[in-house]
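Asks: Below is start-v7.cif; it holds mmCIF, C-alpha atoms and all ligand atoms.
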data_coords
#
loop_
_atom_site.group_PDB
_atom_site.id
_atom_site.type_symbol
_atom_site.label_atom_id
_atom_site.label_comp_id
_atom_site.auth_asym_id
_atom_site.auth_seq_id
_atom_site.Cartn_x
_atom_site.Cartn_y
_atom_site.Cartn_z
ATOM 1 C CA MET A 41 12.278 -40.179 9.236
ATOM 2 C CA SER A 42 11.780 -38.701 5.791
ATOM 3 C CA VAL A 43 14.103 -39.152 2.860
ATOM 4 C CA VAL A 44 15.728 -35.978 1.591
ATOM 5 C CA SER A 45 17.943 -37.316 -1.159
ATOM 6 C CA SER A 46 19.771 -40.493 -2.097
ATOM 7 C CA ILE A 47 22.542 -41.724 -4.356
ATOM 8 C CA THR A 48 24.280 -45.008 -5.102
ATOM 9 C CA VAL A 49 27.993 -45.275 -5.834
ATOM 10 C CA LYS A 50 29.479 -48.351 -7.497
ATOM 11 C CA VAL A 51 33.210 -48.919 -6.941
ATOM 12 C CA PRO A 52 35.419 -51.612 -8.511
ATOM 13 C CA ALA A 53 37.743 -54.053 -6.799
ATOM 14 C CA THR A 54 41.426 -53.443 -7.440
ATOM 15 C CA THR A 55 44.612 -55.435 -7.524
ATOM 16 C CA ALA A 56 47.749 -53.648 -6.365
ATOM 17 C CA ASN A 57 51.454 -54.255 -7.040
ATOM 18 C CA LEU A 58 51.155 -56.685 -9.995
ATOM 19 C CA GLY A 59 54.427 -58.208 -8.776
ATOM 20 C CA PRO A 60 57.238 -55.668 -9.250
ATOM 21 C CA GLY A 61 55.147 -52.505 -8.758
ATOM 22 C CA PHE A 62 54.968 -52.547 -4.966
ATOM 23 C CA ASP A 63 52.907 -49.624 -3.653
ATOM 24 C CA CYS A 64 52.808 -47.797 -6.986
ATOM 25 C CA ILE A 65 50.722 -49.664 -9.590
ATOM 26 C CA GLY A 66 47.200 -51.032 -9.456
ATOM 27 C CA ALA A 67 44.381 -52.077 -11.736
ATOM 28 C CA ALA A 68 40.601 -51.912 -11.374
ATOM 29 C CA LEU A 69 38.751 -55.177 -11.981
ATOM 30 C CA LYS A 70 35.147 -55.906 -12.943
ATOM 31 C CA LEU A 71 33.948 -56.896 -9.486
ATOM 32 C CA TYR A 72 32.027 -54.303 -7.477
ATOM 33 C CA ASN A 73 30.728 -52.979 -4.200
ATOM 34 C CA GLU A 74 27.670 -50.735 -4.241
ATOM 35 C CA PHE A 75 26.971 -48.133 -1.608
ATOM 36 C CA LYS A 76 23.617 -46.358 -1.328
ATOM 37 C CA PHE A 77 23.500 -43.217 0.809
ATOM 38 C CA THR A 78 20.141 -41.771 1.777
ATOM 39 C CA ILE A 79 20.047 -38.444 3.557
ATOM 40 C CA VAL A 80 17.445 -38.611 6.271
ATOM 41 C CA ASP A 81 16.064 -35.735 8.288
ATOM 42 C CA ALA A 82 17.453 -36.929 11.615
ATOM 43 C CA GLY A 83 18.320 -39.900 13.742
ATOM 44 C CA GLU A 84 21.015 -42.431 14.482
ATOM 45 C CA LEU A 85 23.357 -43.689 11.785
ATOM 46 C CA ILE A 86 21.867 -46.750 10.073
ATOM 47 C CA ILE A 87 24.149 -49.094 8.099
ATOM 48 C CA GLN A 88 22.655 -52.172 6.453
ATOM 49 C CA VAL A 89 24.909 -54.680 4.709
ATOM 50 C CA SER A 90 24.081 -57.427 2.240
ATOM 51 C CA GLY A 91 26.353 -60.018 0.622
ATOM 52 C CA SER A 92 27.914 -63.235 1.849
ATOM 53 C CA GLU A 93 30.379 -61.514 4.211
ATOM 54 C CA ALA A 94 27.907 -58.925 5.517
ATOM 55 C CA ALA A 95 28.223 -60.045 9.135
ATOM 56 C CA LYS A 96 31.893 -59.008 9.230
ATOM 57 C CA VAL A 97 31.236 -55.337 8.418
ATOM 58 C CA GLN A 98 31.084 -52.745 11.222
ATOM 59 C CA THR A 99 27.735 -50.987 11.269
ATOM 60 C CA ASP A 100 28.555 -48.144 13.635
ATOM 61 C CA GLU A 101 30.536 -44.924 13.207
ATOM 62 C CA SER A 102 33.791 -46.888 12.940
ATOM 63 C CA ASN A 103 32.687 -48.146 9.509
ATOM 64 C CA LEU A 104 35.375 -47.117 6.991
ATOM 65 C CA LEU A 105 32.840 -46.076 4.342
ATOM 66 C CA TYR A 106 31.161 -43.778 6.848
ATOM 67 C CA GLN A 107 34.522 -42.451 8.059
ATOM 68 C CA ALA A 108 35.427 -41.477 4.502
ATOM 69 C CA PHE A 109 32.023 -39.825 4.098
ATOM 70 C CA VAL A 110 32.624 -37.776 7.256
ATOM 71 C CA LYS A 111 36.205 -37.005 6.221
ATOM 72 C CA LEU A 112 35.085 -35.146 3.128
ATOM 73 C CA TYR A 113 32.627 -33.036 5.106
ATOM 74 C CA GLN A 114 35.393 -32.258 7.627
ATOM 75 C CA TYR A 115 37.650 -31.241 4.756
ATOM 76 C CA ILE A 116 35.071 -28.764 3.471
ATOM 77 C CA GLU A 117 34.325 -27.683 7.054
ATOM 78 C CA LYS A 118 30.677 -28.683 6.994
ATOM 79 C CA THR A 119 28.630 -30.951 9.246
ATOM 80 C CA PRO A 120 27.801 -34.255 7.565
ATOM 81 C CA PRO A 121 24.086 -34.917 7.158
ATOM 82 C CA ALA A 122 22.325 -37.800 8.933
ATOM 83 C CA VAL A 123 22.394 -40.785 6.600
ATOM 84 C CA LYS A 124 21.172 -44.292 6.126
ATOM 85 C CA ILE A 125 23.744 -46.421 4.261
ATOM 86 C CA GLU A 126 23.026 -49.643 2.392
ATOM 87 C CA ILE A 127 26.072 -51.669 1.384
ATOM 88 C CA ASN A 128 25.921 -54.411 -1.220
ATOM 89 C CA LEU A 129 29.201 -56.305 -0.953
ATOM 90 C CA GLY A 130 30.589 -58.002 -4.037
ATOM 91 C CA VAL A 131 34.288 -57.591 -3.204
ATOM 92 C CA PRO A 132 35.571 -60.066 -0.613
ATOM 93 C CA LEU A 133 36.979 -58.533 2.589
ATOM 94 C CA ALA A 134 40.659 -58.605 3.583
ATOM 95 C CA ARG A 135 41.688 -60.714 0.587
ATOM 96 C CA GLY A 136 43.915 -58.282 -1.329
ATOM 97 C CA LEU A 137 41.247 -57.067 -3.738
ATOM 98 C CA GLY A 138 40.929 -53.528 -2.461
ATOM 99 C CA SER A 139 37.795 -53.791 -0.313
ATOM 100 C CA SER A 140 39.029 -50.953 1.953
ATOM 101 C CA ALA A 141 39.745 -48.811 -1.085
ATOM 102 C CA THR A 142 36.172 -49.308 -2.324
ATOM 103 C CA ALA A 143 34.927 -48.049 1.042
ATOM 104 C CA ILE A 144 37.222 -45.007 1.101
ATOM 105 C CA VAL A 145 36.460 -44.053 -2.491
ATOM 106 C CA GLY A 146 32.743 -44.817 -2.112
ATOM 107 C CA GLY A 147 32.423 -42.635 0.977
ATOM 108 C CA LEU A 148 34.307 -39.723 -0.563
ATOM 109 C CA VAL A 149 32.477 -39.833 -3.898
ATOM 110 C CA ALA A 150 29.069 -40.051 -2.201
ATOM 111 C CA ALA A 151 29.846 -37.180 0.165
ATOM 112 C CA ASN A 152 31.187 -35.035 -2.646
ATOM 113 C CA GLU A 153 28.080 -35.605 -4.746
ATOM 114 C CA LEU A 154 25.680 -34.963 -1.880
ATOM 115 C CA ALA A 155 27.605 -31.824 -0.885
ATOM 116 C CA GLY A 156 27.270 -30.361 -4.395
ATOM 117 C CA SER A 157 30.681 -31.445 -5.808
ATOM 118 C CA PRO A 158 32.974 -29.050 -3.880
ATOM 119 C CA LEU A 159 36.075 -31.187 -4.534
ATOM 120 C CA SER A 160 37.739 -31.996 -7.832
ATOM 121 C CA GLU A 161 38.576 -35.608 -8.695
ATOM 122 C CA LEU A 162 42.229 -34.799 -7.928
ATOM 123 C CA GLN A 163 41.377 -33.505 -4.458
ATOM 124 C CA MET A 164 39.278 -36.593 -3.731
ATOM 125 C CA MET A 165 42.136 -38.761 -4.932
ATOM 126 C CA GLU A 166 44.582 -37.037 -2.594
ATOM 127 C CA LEU A 167 42.205 -37.448 0.340
ATOM 128 C CA ALA A 168 41.756 -41.126 -0.541
ATOM 129 C CA ILE A 169 45.519 -41.725 -0.719
ATOM 130 C CA ALA A 170 46.001 -39.999 2.632
ATOM 131 C CA MET A 171 43.331 -42.216 4.222
ATOM 132 C CA GLU A 172 44.645 -45.480 2.744
ATOM 133 C CA GLY A 173 48.353 -44.672 3.151
ATOM 134 C CA HIS A 174 49.342 -45.897 -0.320
ATOM 135 C CA PRO A 175 47.927 -45.028 -3.751
ATOM 136 C CA ASP A 176 47.803 -48.305 -5.639
ATOM 137 C CA ASN A 177 44.254 -49.404 -4.727
ATOM 138 C CA VAL A 178 42.392 -46.122 -4.229
ATOM 139 C CA VAL A 179 43.626 -44.517 -7.469
ATOM 140 C CA PRO A 180 42.333 -47.218 -9.854
ATOM 141 C CA ALA A 181 39.224 -47.662 -7.672
ATOM 142 C CA LEU A 182 38.418 -43.989 -8.253
ATOM 143 C CA LEU A 183 39.620 -43.570 -11.836
ATOM 144 C CA GLY A 184 39.393 -47.093 -13.293
ATOM 145 C CA GLY A 185 41.925 -48.751 -15.570
ATOM 146 C CA CYS A 186 45.489 -49.593 -14.656
ATOM 147 C CA ARG A 187 47.267 -46.678 -12.984
ATOM 148 C CA LEU A 188 50.772 -45.832 -11.890
ATOM 149 C CA ALA A 189 51.199 -43.314 -9.076
ATOM 150 C CA ALA A 190 54.414 -41.440 -8.371
ATOM 151 C CA THR A 191 55.087 -38.633 -5.933
ATOM 152 C CA SER A 192 56.013 -35.219 -7.278
ATOM 153 C CA LYS A 193 56.918 -31.946 -5.628
ATOM 154 C CA LYS A 194 53.257 -30.932 -5.951
ATOM 155 C CA GLY A 195 51.808 -34.199 -4.649
ATOM 156 C CA TRP A 196 51.094 -37.079 -7.005
ATOM 157 C CA GLU A 197 51.462 -37.730 -10.701
ATOM 158 C CA ILE A 198 49.112 -40.429 -11.939
ATOM 159 C CA CYS A 199 49.361 -42.047 -15.324
ATOM 160 C CA ASP A 200 47.185 -44.421 -17.221
ATOM 161 C CA ILE A 201 48.936 -47.686 -18.096
ATOM 162 C CA LEU A 202 47.915 -49.308 -21.359
ATOM 163 C CA TRP A 203 46.389 -52.727 -20.751
ATOM 164 C CA HIS A 204 45.974 -54.944 -23.803
ATOM 165 C CA ARG A 205 42.377 -56.051 -24.292
ATOM 166 C CA ASP A 206 43.280 -59.768 -24.340
ATOM 167 C CA ILE A 207 44.923 -59.741 -20.897
ATOM 168 C CA VAL A 208 42.770 -61.251 -18.153
ATOM 169 C CA ALA A 209 43.402 -61.518 -14.412
ATOM 170 C CA VAL A 210 42.528 -64.917 -12.973
ATOM 171 C CA VAL A 211 42.044 -64.418 -9.244
ATOM 172 C CA ALA A 212 42.102 -67.312 -6.786
ATOM 173 C CA ILE A 213 40.467 -66.037 -3.612
ATOM 174 C CA PRO A 214 41.011 -68.324 -0.610
ATOM 175 C CA ASP A 215 38.525 -68.532 2.239
ATOM 176 C CA PHE A 216 41.038 -67.217 4.774
ATOM 177 C CA GLU A 217 41.861 -63.559 5.380
ATOM 178 C CA LEU A 218 45.184 -61.743 5.639
ATOM 179 C CA SER A 219 45.231 -58.240 7.051
ATOM 180 C CA THR A 220 47.199 -55.671 5.093
ATOM 181 C CA SER A 221 48.925 -54.449 8.257
ATOM 182 C CA GLU A 222 50.147 -57.993 9.043
ATOM 183 C CA ALA A 223 51.340 -58.458 5.465
ATOM 184 C CA ARG A 224 53.173 -55.110 5.541
ATOM 185 C CA LYS A 225 54.975 -55.948 8.777
ATOM 186 C CA VAL A 226 56.964 -58.726 7.102
ATOM 187 C CA VAL A 227 58.234 -56.499 4.286
ATOM 188 C CA PRO A 228 61.718 -55.103 4.997
ATOM 189 C CA THR A 229 62.128 -51.328 5.014
ATOM 190 C CA GLU A 230 65.543 -51.429 3.348
ATOM 191 C CA VAL A 231 66.589 -53.286 0.216
ATOM 192 C CA SER A 232 69.835 -54.005 -1.582
ATOM 193 C CA ARG A 233 70.834 -52.146 -4.731
ATOM 194 C CA ALA A 234 70.560 -55.414 -6.664
ATOM 195 C CA ASP A 235 66.967 -55.926 -5.542
ATOM 196 C CA ALA A 236 66.070 -52.305 -6.349
ATOM 197 C CA ILE A 237 67.496 -52.696 -9.863
ATOM 198 C CA PHE A 238 65.659 -55.999 -10.272
ATOM 199 C CA ASN A 239 62.322 -54.352 -9.512
ATOM 200 C CA ILE A 240 62.933 -51.200 -11.541
ATOM 201 C CA SER A 241 63.771 -53.241 -14.625
ATOM 202 C CA HIS A 242 60.925 -55.692 -14.177
ATOM 203 C CA LEU A 243 58.341 -52.959 -13.614
ATOM 204 C CA GLY A 244 59.491 -51.247 -16.808
ATOM 205 C CA LEU A 245 59.158 -54.528 -18.655
ATOM 206 C CA LEU A 246 55.733 -55.125 -17.127
ATOM 207 C CA LEU A 247 54.441 -51.789 -18.423
ATOM 208 C CA ARG A 248 55.483 -52.686 -21.966
ATOM 209 C CA GLY A 249 54.178 -56.230 -21.538
ATOM 210 C CA LEU A 250 50.765 -54.997 -20.394
ATOM 211 C CA ALA A 251 50.533 -52.665 -23.383
ATOM 212 C CA THR A 252 51.535 -55.262 -25.953
ATOM 213 C CA ASN A 253 50.467 -58.635 -24.474
ATOM 214 C CA ARG A 254 53.924 -59.848 -25.553
ATOM 215 C CA GLU A 255 54.391 -63.253 -24.003
ATOM 216 C CA GLU A 256 58.113 -63.267 -23.231
ATOM 217 C CA TRP A 257 58.012 -59.813 -21.659
ATOM 218 C CA LEU A 258 55.092 -60.700 -19.379
ATOM 219 C CA ILE A 259 56.635 -64.041 -18.401
ATOM 220 C CA ALA A 260 59.839 -62.298 -17.355
ATOM 221 C CA ALA A 261 58.155 -59.245 -15.828
ATOM 222 C CA LEU A 262 55.911 -60.859 -13.225
ATOM 223 C CA GLN A 263 58.625 -61.179 -10.607
ATOM 224 C CA ASP A 264 59.461 -59.223 -7.507
ATOM 225 C CA LYS A 265 62.165 -58.961 -4.868
ATOM 226 C CA LEU A 266 60.674 -56.291 -2.591
ATOM 227 C CA HIS A 267 57.623 -57.847 -0.970
ATOM 228 C CA GLN A 268 56.535 -61.204 -2.357
ATOM 229 C CA PRO A 269 59.493 -63.299 -1.111
ATOM 230 C CA TYR A 270 58.582 -62.200 2.424
ATOM 231 C CA ARG A 271 54.836 -62.604 2.062
ATOM 232 C CA GLN A 272 54.710 -65.988 0.353
ATOM 233 C CA ALA A 273 55.090 -67.798 3.673
ATOM 234 C CA LEU A 274 51.820 -66.202 4.842
ATOM 235 C CA ILE A 275 49.936 -67.900 1.987
ATOM 236 C CA PRO A 276 49.833 -71.697 2.203
ATOM 237 C CA GLY A 277 50.183 -73.376 -1.187
ATOM 238 C CA TYR A 278 51.694 -70.337 -2.931
ATOM 239 C CA ASP A 279 54.288 -72.380 -4.856
ATOM 240 C CA THR A 280 51.812 -75.123 -5.765
ATOM 241 C CA VAL A 281 49.199 -72.717 -7.107
ATOM 242 C CA ASN A 282 51.888 -70.772 -8.960
ATOM 243 C CA ALA A 283 53.222 -73.923 -10.638
ATOM 244 C CA ALA A 284 49.697 -75.008 -11.597
ATOM 245 C CA ALA A 285 48.834 -71.597 -13.090
ATOM 246 C CA VAL A 286 52.019 -71.458 -15.151
ATOM 247 C CA ALA A 287 51.655 -75.074 -16.339
ATOM 248 C CA ALA A 288 48.121 -74.223 -17.516
ATOM 249 C CA GLY A 289 49.364 -71.315 -19.620
ATOM 250 C CA ALA A 290 49.532 -68.251 -17.340
ATOM 251 C CA TYR A 291 52.286 -65.713 -17.997
ATOM 252 C CA GLY A 292 52.953 -65.739 -14.267
ATOM 253 C CA MET A 293 51.317 -65.402 -10.885
ATOM 254 C CA VAL A 294 51.599 -62.722 -8.224
ATOM 255 C CA ILE A 295 50.099 -61.900 -4.859
ATOM 256 C CA SER A 296 47.132 -59.574 -5.355
ATOM 257 C CA GLY A 297 47.826 -56.540 -3.181
ATOM 258 C CA ALA A 298 48.869 -57.705 0.257
ATOM 259 C CA GLY A 299 47.244 -61.103 -0.346
ATOM 260 C CA PRO A 300 46.075 -63.722 0.268
ATOM 261 C CA THR A 301 44.397 -63.741 -3.164
ATOM 262 C CA LEU A 302 46.717 -65.055 -5.859
ATOM 263 C CA LEU A 303 46.435 -63.516 -9.309
ATOM 264 C CA ALA A 304 47.595 -64.973 -12.598
ATOM 265 C CA LEU A 305 47.864 -62.819 -15.700
ATOM 266 C CA VAL A 306 46.842 -64.745 -18.776
ATOM 267 C CA ASP A 307 45.948 -64.299 -22.386
ATOM 268 C CA ILE A 308 42.163 -64.636 -22.601
ATOM 269 C CA SER A 309 42.502 -67.935 -24.501
ATOM 270 C CA TYR A 310 44.016 -69.561 -21.376
ATOM 271 C CA ALA A 311 41.657 -68.082 -18.781
ATOM 272 C CA LYS A 312 39.450 -71.149 -18.292
ATOM 273 C CA SER A 313 42.301 -73.650 -18.057
ATOM 274 C CA VAL A 314 44.198 -71.452 -15.593
ATOM 275 C CA GLU A 315 41.057 -71.013 -13.472
ATOM 276 C CA THR A 316 40.638 -74.765 -13.226
ATOM 277 C CA ALA A 317 44.312 -75.395 -12.493
ATOM 278 C CA MET A 318 44.494 -72.832 -9.675
ATOM 279 C CA ALA A 319 41.272 -74.037 -8.066
ATOM 280 C CA ASN A 320 42.357 -77.682 -8.250
ATOM 281 C CA ALA A 321 45.782 -76.917 -6.776
ATOM 282 C CA TRP A 322 44.317 -75.384 -3.635
ATOM 283 C CA THR A 323 41.555 -77.997 -3.398
ATOM 284 C CA ALA A 324 44.174 -80.774 -3.493
ATOM 285 C CA MET A 325 45.735 -79.167 -0.413
ATOM 286 C CA GLY A 326 42.388 -79.060 1.378
ATOM 287 C CA LEU A 327 41.983 -75.300 0.939
ATOM 288 C CA ASN A 328 38.765 -73.768 -0.353
ATOM 289 C CA SER A 329 38.854 -70.936 -2.831
ATOM 290 C CA VAL A 330 36.731 -69.087 -5.328
ATOM 291 C CA VAL A 331 38.515 -68.679 -8.651
ATOM 292 C CA ARG A 332 37.311 -66.378 -11.395
ATOM 293 C CA SER A 333 38.546 -64.508 -14.425
ATOM 294 C CA LEU A 334 38.228 -60.742 -14.239
ATOM 295 C CA THR A 335 38.781 -58.189 -16.957
ATOM 296 C CA LEU A 336 39.909 -54.603 -16.494
ATOM 297 C CA ASP A 337 37.343 -52.072 -15.307
ATOM 298 C CA ARG A 338 37.968 -48.873 -17.254
ATOM 299 C CA GLN A 339 35.398 -46.633 -15.517
ATOM 300 C CA GLY A 340 36.316 -46.561 -11.838
ATOM 301 C CA ALA A 341 33.810 -45.273 -9.321
ATOM 302 C CA VAL A 342 30.479 -44.293 -10.849
ATOM 303 C CA ILE A 343 27.327 -42.747 -9.486
ATOM 304 C CA LEU A 344 24.412 -44.872 -10.625
HETATM 305 N N1 LIG B 401 50.610 -52.007 -2.002
HETATM 306 C C1 LIG B 401 49.908 -52.449 -0.835
HETATM 307 C C2 LIG B 401 50.654 -53.602 -0.217
HETATM 308 C C3 LIG B 401 48.526 -52.877 -1.212
HETATM 309 O O1 LIG B 401 51.097 -54.458 -0.952
HETATM 310 O O2 LIG B 401 50.790 -53.638 1.004
HETATM 311 C C4 LIG B 401 47.738 -53.332 -0.032
HETATM 312 O O3 LIG B 401 46.411 -53.096 -0.209
#
Could you render the structure as structure tokens?
Replies:
Amino acid sequence: MSVVSSITVKVPATTANLGPGFDCIGAALKLYNEFKFTIVDAGELIIQVSGSEAAKVQTDESNLLYQAFVKLYQYIEKTPPAVKIEINLGVPLARGLGSSATAIVGGLVAANELAGSPLSELQMMELAIAMEGHPDNVVPALLGGCRLAATSKKGWEICDILWHRDIVAVVAIPDFELSTSEARKVVPTEVSRADAIFNISHLGLLLRGLATNREEWLIAALQDKLHQPYRQALIPGYDTVNAAAVAAGAYGMVISGAGPTLLALVDISYAKSVETAMANAWTAMGLNSVVRSLTLDRQGAVIL
């Protein structure tokens, strides 16, 4: 087996929804997966995984990273080359921090690079959204920053949401998993006009709050009526961790993506105290978690 060519793609974790922005807003965070693709002259697919959750990752053709890699070659009507893939996992799996999105984006970006860049960033983004089913993780994973995605007659309009430099996301990552499909099943498909208005107004306020770091706007904005009330029951200790985060100075707390990670938005001066408060709240209930402060990734997926 001789090596023909190799590249490494680094893709950030993402948090989707940010409370009122269900399925339309997401932010990239400075926590990463790295994917190295080596084109080999022939042979079986080889996938090697490192990181604390490596044993949970599929290493055959059902691997999502590999499926995304193949998808791009199918799209350009070419046969994918034989590859060896090395995965270095930094983003926890099935915790609401966009691990699937890193795989989809990583596979597409690697394939596009190795195929000689046939697709534009926009085309890759559309393929990624189609694979994931919603835009709010894959778009910031690919582009970086905080992004809002809205459908248009042509497809998608994506805009960059200003994120004040002093705003930090404190993520409390429990040691249990919650699958996105399970967490989507509990969300109702129809909502009242009052709940729709609640979310429209709070998302608008959130956008201005993120841009300005204005305390009263962010405190009011981090609320939701579309998905969180139905998902909270899937996350033991939600209310306790929320109360602890707010008492320690957080603007508010939301479910990161489909959960179970809980995410508090804070001014940087409160990050340490909120970290401690959230960790202690879950520990007091006998639940283990890893809590850390993450700042916004502004680069998105990069080829190293
Ligand atoms: N917006 C999606 C959800 C994100 O909340 O179900 C899941 O990754």
Asks: Could I get the residue neighbourhood of ligand LIG 401 (chain B) at 10 Å, counting only C-alpha atoms and all ligand atoms, as an mmCIF file with C-alpha atoms, in the frame of the given file?
Replies:
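Written output follows (pocket.cif):
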data_model
loop_
_atom_site.group_PDB
_atom_site.id
_atom_site.type_symbol
_atom_site.label_atom_id
_atom_site.label_comp_id
_atom_site.auth_asym_id
_atom_site.auth_seq_id
_atom_site.Cartn_x
_atom_site.Cartn_y
_atom_site.Cartn_z
ATOM 1 C CA THR A 54 41.426 -53.443 -7.440
ATOM 2 C CA THR A 55 44.612 -55.435 -7.524
ATOM 3 C CA ALA A 56 47.749 -53.648 -6.365
ATOM 4 C CA ASN A 57 51.454 -54.255 -7.040
ATOM 5 C CA LEU A 58 51.155 -56.685 -9.995
ATOM 6 C CA GLY A 59 54.427 -58.208 -8.776
ATOM 7 C CA GLY A 61 55.147 -52.505 -8.758
ATOM 8 C CA PHE A 62 54.968 -52.547 -4.966
ATOM 9 C CA ASP A 63 52.907 -49.624 -3.653
ATOM 10 C CA CYS A 64 52.808 -47.797 -6.986
ATOM 11 C CA ILE A 65 50.722 -49.664 -9.590
ATOM 12 C CA GLY A 66 47.200 -51.032 -9.456
ATOM 13 C CA ALA A 134 40.659 -58.605 3.583
ATOM 14 C CA ARG A 135 41.688 -60.714 0.587
ATOM 15 C CA GLY A 136 43.915 -58.282 -1.329
ATOM 16 C CA LEU A 137 41.247 -57.067 -3.738
ATOM 17 C CA GLY A 138 40.929 -53.528 -2.461
ATOM 18 C CA SER A 139 37.795 -53.791 -0.313
ATOM 19 C CA SER A 140 39.029 -50.953 1.953
ATOM 20 C CA ALA A 141 39.745 -48.811 -1.085
ATOM 21 C CA GLU A 172 44.645 -45.480 2.744
ATOM 22 C CA GLY A 173 48.353 -44.672 3.151
ATOM 23 C CA HIS A 174 49.342 -45.897 -0.320
ATOM 24 C CA PRO A 175 47.927 -45.028 -3.751
ATOM 25 C CA ASP A 176 47.803 -48.305 -5.639
ATOM 26 C CA ASN A 177 44.254 -49.404 -4.727
ATOM 27 C CA VAL A 178 42.392 -46.122 -4.229
ATOM 28 C CA SER A 219 45.231 -58.240 7.051
ATOM 29 C CA THR A 220 47.199 -55.671 5.093
ATOM 30 C CA SER A 221 48.925 -54.449 8.257
ATOM 31 C CA GLU A 222 50.147 -57.993 9.043
ATOM 32 C CA ALA A 223 51.340 -58.458 5.465
ATOM 33 C CA ARG A 224 53.173 -55.110 5.541
ATOM 34 C CA LYS A 225 54.975 -55.948 8.777
ATOM 35 C CA VAL A 227 58.234 -56.499 4.286
ATOM 36 C CA LEU A 266 60.674 -56.291 -2.591
ATOM 37 C CA HIS A 267 57.623 -57.847 -0.970
ATOM 38 C CA GLN A 268 56.535 -61.204 -2.357
ATOM 39 C CA ARG A 271 54.836 -62.604 2.062
ATOM 40 C CA ILE A 295 50.099 -61.900 -4.859
ATOM 41 C CA SER A 296 47.132 -59.574 -5.355
ATOM 42 C CA GLY A 297 47.826 -56.540 -3.181
ATOM 43 C CA ALA A 298 48.869 -57.705 0.257
ATOM 44 C CA GLY A 299 47.244 -61.103 -0.346
#
Asks: Just the residues within 8 Å of Leu258 (chain A), please, counting only C-alpha atoms, with nothing from its chain fewer than 2 positions along; format it as a ChimeraX atom specification.
Replies: /A:245-246,249-250,253-256,260-262,291-292
Asks: Could you check which of A:Ala189, A:Ile127, A:Ile169, A:Ala94 is closest to Ala67 (chain A), using only C-alpha atoms?
Replies: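 Selected residue with least distance to Ala67 (chain A): A:Ala189.
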Asks: Could you jot down the CA of Ala108 (chain A) to CA of Thr229 (chain A) separation for me, Å, one decimal place?
Replies: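 So the answer is 28.5 Å.
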Asks: Find the residues near Thr280 (chain A): any atom within 10 Å, counting all atoms listed in the file, skip ones fewer than 2 places away on the same chain, and give them as a list in words.
Replies: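 The contact residues come out as Pro276, Gly277, Tyr278, Asn282, Ala283, Ala284, Ala285, Met318, Ala321, Trp322, Ala324 and Met325 of chain A.
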Asks: Save out the residues we just selected, C-alpha atoms, as an mmCIF file, keeping the file's coordinate frame.
Replies:
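Below is the file out.cif, written as the result:
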data_model
loop_
_atom_site.group_PDB
_atom_site.id
_atom_site.type_symbol
_atom_site.label_atom_id
_atom_site.label_comp_id
_atom_site.auth_asym_id
_atom_site.auth_seq_id
_atom_site.Cartn_x
_atom_site.Cartn_y
_atom_site.Cartn_z
ATOM 1 C CA PRO A 276 49.833 -71.697 2.203
ATOM 2 C CA GLY A 277 50.183 -73.376 -1.187
ATOM 3 C CA TYR A 278 51.694 -70.337 -2.931
ATOM 4 C CA ASN A 282 51.888 -70.772 -8.960
ATOM 5 C CA ALA A 283 53.222 -73.923 -10.638
ATOM 6 C CA ALA A 284 49.697 -75.008 -11.597
ATOM 7 C CA ALA A 285 48.834 -71.597 -13.090
ATOM 8 C CA MET A 318 44.494 -72.832 -9.675
ATOM 9 C CA ALA A 321 45.782 -76.917 -6.776
ATOM 10 C CA TRP A 322 44.317 -75.384 -3.635
ATOM 11 C CA ALA A 324 44.174 -80.774 -3.493
ATOM 12 C CA MET A 325 45.735 -79.167 -0.413
#
Asks: At a cut-off of 10 Å around the point (34.5, -68.0, -10.8) (file coordinates), what residues fall inside when counting only C-alpha atoms? I'd like the answer as an mmCIF file with C-alpha atoms, in the frame of the given file.
Replies:
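To be explicit, this is the file written out as part00.cif:
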data_model
loop_
_atom_site.group_PDB
_atom_site.id
_atom_site.type_symbol
_atom_site.label_atom_id
_atom_site.label_comp_id
_atom_site.auth_asym_id
_atom_site.auth_seq_id
_atom_site.Cartn_x
_atom_site.Cartn_y
_atom_site.Cartn_z
ATOM 1 C CA VAL A 210 42.528 -64.917 -12.973
ATOM 2 C CA VAL A 211 42.044 -64.418 -9.244
ATOM 3 C CA ALA A 212 42.102 -67.312 -6.786
ATOM 4 C CA ILE A 213 40.467 -66.037 -3.612
ATOM 5 C CA LYS A 312 39.450 -71.149 -18.292
ATOM 6 C CA GLU A 315 41.057 -71.013 -13.472
ATOM 7 C CA THR A 316 40.638 -74.765 -13.226
ATOM 8 C CA ALA A 319 41.272 -74.037 -8.066
ATOM 9 C CA SER A 329 38.854 -70.936 -2.831
ATOM 10 C CA VAL A 330 36.731 -69.087 -5.328
ATOM 11 C CA VAL A 331 38.515 -68.679 -8.651
ATOM 12 C CA ARG A 332 37.311 -66.378 -11.395
ATOM 13 C CA SER A 333 38.546 -64.508 -14.425
ATOM 14 C CA LEU A 334 38.228 -60.742 -14.239
#
Asks: Counting all atoms listed in the file, figure out which residue out of A:Glu74, A:Glu153, A:Asp264, A:Asp200 gets nearest to Val179 (chain A).
Replies: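 Checking each of A:Glu74, A:Glu153, A:Asp264, A:Asp200 against Val179 (chain A), counting all atoms listed in the file, the winner is A:Asp200.
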Asks: Could you tell me how far CA of Val97 (chain A) sits from CA of Val49 (chain A), in Å to one decimal place?
Replies: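 We find that CA of Val49 (chain A) and CA of Val97 (chain A) lie 17.7 Å from each other.
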Asks: Would you work out the distance separating CA of Glu126 (chain A) from CA of Thr99 (chain A), expressed in Å to one decimal?
Replies: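 Spanning CA of Glu126 (chain A) to CA of Thr99 (chain A) is a straight-line distance of 10.1 Å.
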Asks: Written as a list in words, which residues does the PyMOL selection byres (((chain A and resi 119-123) around 7) and not hetatm) give for the file shown?
Replies: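 Output of the PyMOL selection byres (((chain A and resi 119-123) around 7) and not hetatm): Phe77, Thr78, Ile79, Val80, Asp81, Ala82, Gly83, Leu85, Ile86, Val110, Tyr113, Glu117, Lys118, Lys124 and Ile125 of chain A.
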